[in-house]
Amino acid sequence: MVQEQTITIEEQYIAEHPRSHELYERGRAALPGGIAHDVRYAKPFPIYIDGALGSKKWDVDGHELIDYTMGHGALLLGHSHPEIVDAVVAQMRKGTHYGAGHRLEVEWAEWIHRLIPSADRVKFTSAGTEATMLALRLARAYTGRDKVLKFAGHFHGWHDYAVPGNSPPFDGVPPGVPKAVLDTVVIAPNNDLDFVERALATADHDIAAVILEPSGASYATVPLPDGFLARLREITARHDVLLIFDEVVTGFRWSPGGVQGLTGITPDLTTLAKIVAGGLPGGAVAGRGAIMELLEFKDDPAWNRTRKVQHPGTYNANPLSATAGVTALRLVSDPAVQRGADRLAENLKRGFNEAFLRHDAPGFAYGESSIVNTVVGTRYPGELPTDLRHPVGVPASALKARGSEKLLMTLRAGMMLEGMDLWHGAGAVLSITHTDEDIVRTVEAFDRTLARMKAEGLFGE
Ligand SMILES: Cc1ncc(COP(=O)(O)O)c(C=O)c1O
């Protein structure tokens, strides 16, 4: 009993996850860091999962977890949605790769065309990273210009044009990115439209496109000011520069038509992944017919040699991803899906903020759509509204960091001990399979974890 009262979150986490610990030690020899995606890095070690269904997943030590990572945002319909499972299993028996076109890729493209306002036409890729890579190449080919402008902190995957400016210091040199590529990526300070205006008006008139997450950096972790998208659309159109919405996260989550469906502001090109492929690997670029035409073959050897943008890719629109994608898009085309997940996120956000207030603990939860963002260790300036949507007066760097590594890792471990896997250690991505009971239990667990962290002196106040 005495020991239970004194054991720290970290000690208990280590004690209760022996099989994950062992897999981590074993995995490190074969996998750098023992993980397959940087965001899964965790201290003292990550957990390893054995299975998942709906809003739950089970780790190798036998714990049931309410999952708030939801396939990094891909699983708006929850883990292993029965209709997606049936479609994929049936397709598995019919073949996973035809080395040829098939009906499902046509249907999949038609669904995107129907739902996403800018999608005159669609081309499939294997992931979001490939989608932004192709969109930027299309923009350069279409305009004949070499540079692209992105915003500090906006995430567009991990190819050479995407990683510059991803994380602080935003002007750093990411290892492995050629200097020649860096010279073609203009990084605008977060949300700074005056910078964009100046760069497009002056610079060297060599900017092909502006790319951004239309929610603001990292799914509204750093929200956009009111009117931002409309002004950006106006500036880019006036300078004849293409506008690319990276809707890899927001597509089909913010609304069935993504941010563009919600705001009525239409980009020239859109990149999609995650929900678009129903939980299997896949992505897409969609956009204006005149730009997408560059992907076509023509009866003109000169065009095919000098104008056509090359786009092979062994797993583009593979039948498994295509059938999962078609099934998912049919389901998420009903706005009740997004409304349901949004409501759960709203309740979770309120519950987290009430817990911060109850414990007088530094931190706040906020967010849009069905994603809850949480900052730990920073007090909200002024009174904290429990339904906070956009934080005001908190620097973008603090929002993007979410808290110190120590606080985030401890909150993550503490919540894991309560049976919840939070996104980025602190936030939550919701699905339609989460229940009101999940939310109530999670808020109670958050409350106890904050109390424990306070008792461990982690808030240092
Ligand atoms: C906005 C955005 N763009 C692009 C990507 C890259 O997608 P993928 O991980 O499928 O390569 C991500 C991934 O999280 C993303 O959030």
# chains A, B, ... in the order shown; residues from 1 in each chain; ligands from 1
call {"tool": "closest_atom_pairs", "arguments": {"of": "stretch 365-412 of chain A", "to": "stretch 5-28 of chain A", "cutoff": "10 Å", "atoms": "only C-alpha atoms", "output": "tab-separated table"}}
result
residue	atom	partner	partner_atom	distance
A:Met409	CA	A:Glu10	CA	9.0
A:Thr410	CA	A:Ile9	CA	6.8
A:Leu411	CA	A:Ile9	CA	8.7
A:Arg412	CA	A:Ile9	CA	9.7
call {"tool": "write_last_selection", "arguments": {"atoms": "N, CA and C atoms", "output": "compact mmCIF listing (two decimals), in the first residue's frame"}}
result
# COMPACT_ATOMS: atom_id res chain seq x y z
N MET A 409 5.70 13.27 -21.89
CA MET A 409 5.96 11.84 -21.74
C MET A 409 5.30 11.30 -20.48
N THR A 410 5.28 12.12 -19.42
CA THR A 410 4.66 11.64 -18.17
C THR A 410 3.14 11.61 -18.30
N LEU A 411 2.58 12.63 -18.94
CA LEU A 411 1.12 12.63 -19.13
C LEU A 411 0.72 11.42 -19.98
N ARG A 412 1.49 11.18 -21.02
CA ARG A 412 1.22 10.04 -21.90
C ARG A 412 1.27 8.73 -21.10
call {"tool": "residues_around", "arguments": {"residues": "stretch 163-179 of chain A", "least_positions_apart": "6", "cutoff": "6 Å", "atoms": "only C-alpha atoms", "output": "NGL selection string"}}
result
:A and (152-153 or 155)
call {"tool": "write_last_selection", "arguments": {"atoms": "C-alpha atoms", "output": "mmCIF file, in the first residue's frame"}}
result
data_model
loop_
_atom_site.group_PDB
_atom_site.id
_atom_site.type_symbol
_atom_site.label_atom_id
_atom_site.label_comp_id
_atom_site.auth_asym_id
_atom_site.auth_seq_id
_atom_site.Cartn_x
_atom_site.Cartn_y
_atom_site.Cartn_z
ATOM 1 C CA ALA A 152 6.756 27.413 -40.767
ATOM 2 C CA GLY A 153 5.366 24.534 -38.749
ATOM 3 C CA PHE A 155 3.567 19.532 -42.000
#
call {"tool": "select_by_dssp", "arguments": {"residues": "stretch 53-213 of chain A", "states": "strand (DSSP E or B)", "output": "compact mmCIF listing (two decimals) with C-alpha atoms, in the first residue's frame"}}
result
# COMPACT_ATOMS: atom_id res chain seq x y z
CA LEU A 53 -11.35 -2.75 -32.92
CA GLY A 54 -13.62 0.31 -32.90
CA LYS A 56 -10.12 0.26 -28.55
CA LYS A 57 -6.75 -1.38 -28.95
CA TRP A 58 -4.90 -3.96 -26.88
CA ASP A 59 -1.20 -3.91 -26.07
CA GLU A 64 -7.14 -2.47 -23.15
CA LEU A 65 -6.68 1.10 -24.31
CA ILE A 66 -9.15 3.67 -25.59
CA ASP A 67 -7.27 4.82 -28.66
CA HIS A 79 -10.47 0.48 -36.15
CA ARG A 121 -9.71 15.20 -61.60
CA VAL A 122 -7.72 12.92 -59.31
CA LYS A 123 -4.44 10.98 -59.33
CA PHE A 124 -3.61 8.36 -56.69
CA THR A 125 -0.38 7.96 -54.71
CA LYS A 147 10.20 27.67 -56.00
CA VAL A 148 7.45 26.86 -53.55
CA LEU A 149 6.34 28.74 -50.46
CA LYS A 150 5.32 26.95 -47.30
CA PHE A 151 4.56 28.11 -43.78
CA VAL A 185 11.71 26.39 -50.58
CA VAL A 186 10.65 29.77 -49.21
CA ILE A 187 9.48 29.49 -45.61
CA ALA A 188 6.97 32.07 -44.47
CA ILE A 207 7.31 30.96 -56.86
CA ALA A 208 5.10 28.29 -58.40
CA ALA A 209 2.80 27.58 -55.46
CA VAL A 210 1.89 28.25 -51.87
CA ILE A 211 1.13 25.10 -49.89
CA LEU A 212 -0.48 25.00 -46.45
call {"tool": "residues_around", "arguments": {"residues": "A:Thr378", "least_positions_apart": "6", "cutoff": "9 Å", "atoms": "only C-alpha atoms", "output": "PyMOL selection string"}}
result
chain A and resi 361-364+394+398+402-403
call {"tool": "write_last_selection", "arguments": {"atoms": "C-alpha atoms", "output": "compact mmCIF listing (two decimals), in the first residue's frame"}}
result
# COMPACT_ATOMS: atom_id res chain seq x y z
CA ALA A 361 -2.78 22.92 -13.20
CA PRO A 362 -1.02 24.76 -16.03
CA GLY A 363 -2.41 23.70 -19.37
CA PHE A 364 -5.36 23.94 -21.71
CA VAL A 394 -0.02 31.97 -26.67
CA ALA A 398 4.39 26.96 -27.40
CA ARG A 402 2.59 21.26 -26.63
CA GLY A 403 4.80 21.18 -23.51
call {"tool": "closest_residue", "arguments": {"among": "A:Ala413, A:Val309, A:Ala365, A:Leu262", "to": "A:Ala428", "atoms": "only C-alpha atoms"}}
result
A:Ala365
call {"tool": "residues_near_ligand", "arguments": {"ligand": "ligand 1", "cutoff": "6 Å", "atoms": "only C-alpha atoms and all ligand atoms", "output": "PyMOL selection string"}}
result
chain A and resi 127-129+155-157+213+246+248-249+273
call {"tool": "write_last_selection", "arguments": {"atoms": "C-alpha atoms", "output": "PDB file, in the first residue's frame"}}
result
ATOM      1  CA  ALA A 127       0.783   8.131 -49.111  1.00  0.00           C
ATOM      2  CA  GLY A 128       0.385  11.774 -48.164  1.00  0.00           C
ATOM      3  CA  THR A 129       4.090  12.431 -48.605  1.00  0.00           C
ATOM      4  CA  PHE A 155       3.567  19.532 -42.000  1.00  0.00           C
ATOM      5  CA  HIS A 156       3.492  18.077 -45.499  1.00  0.00           C
ATOM      6  CA  GLY A 157       5.307  14.757 -45.040  1.00  0.00           C
ATOM      7  CA  GLU A 213      -2.595  23.007 -44.061  1.00  0.00           C
ATOM      8  CA  ASP A 246      -2.858  19.953 -47.927  1.00  0.00           C
ATOM      9  CA  VAL A 248      -4.292  14.996 -45.722  1.00  0.00           C
ATOM     10  CA  VAL A 249      -5.738  15.343 -42.205  1.00  0.00           C
ATOM     11  CA  ALA A 273      -4.361  10.739 -47.656  1.00  0.00           C
TER      12      ALA A 273
END
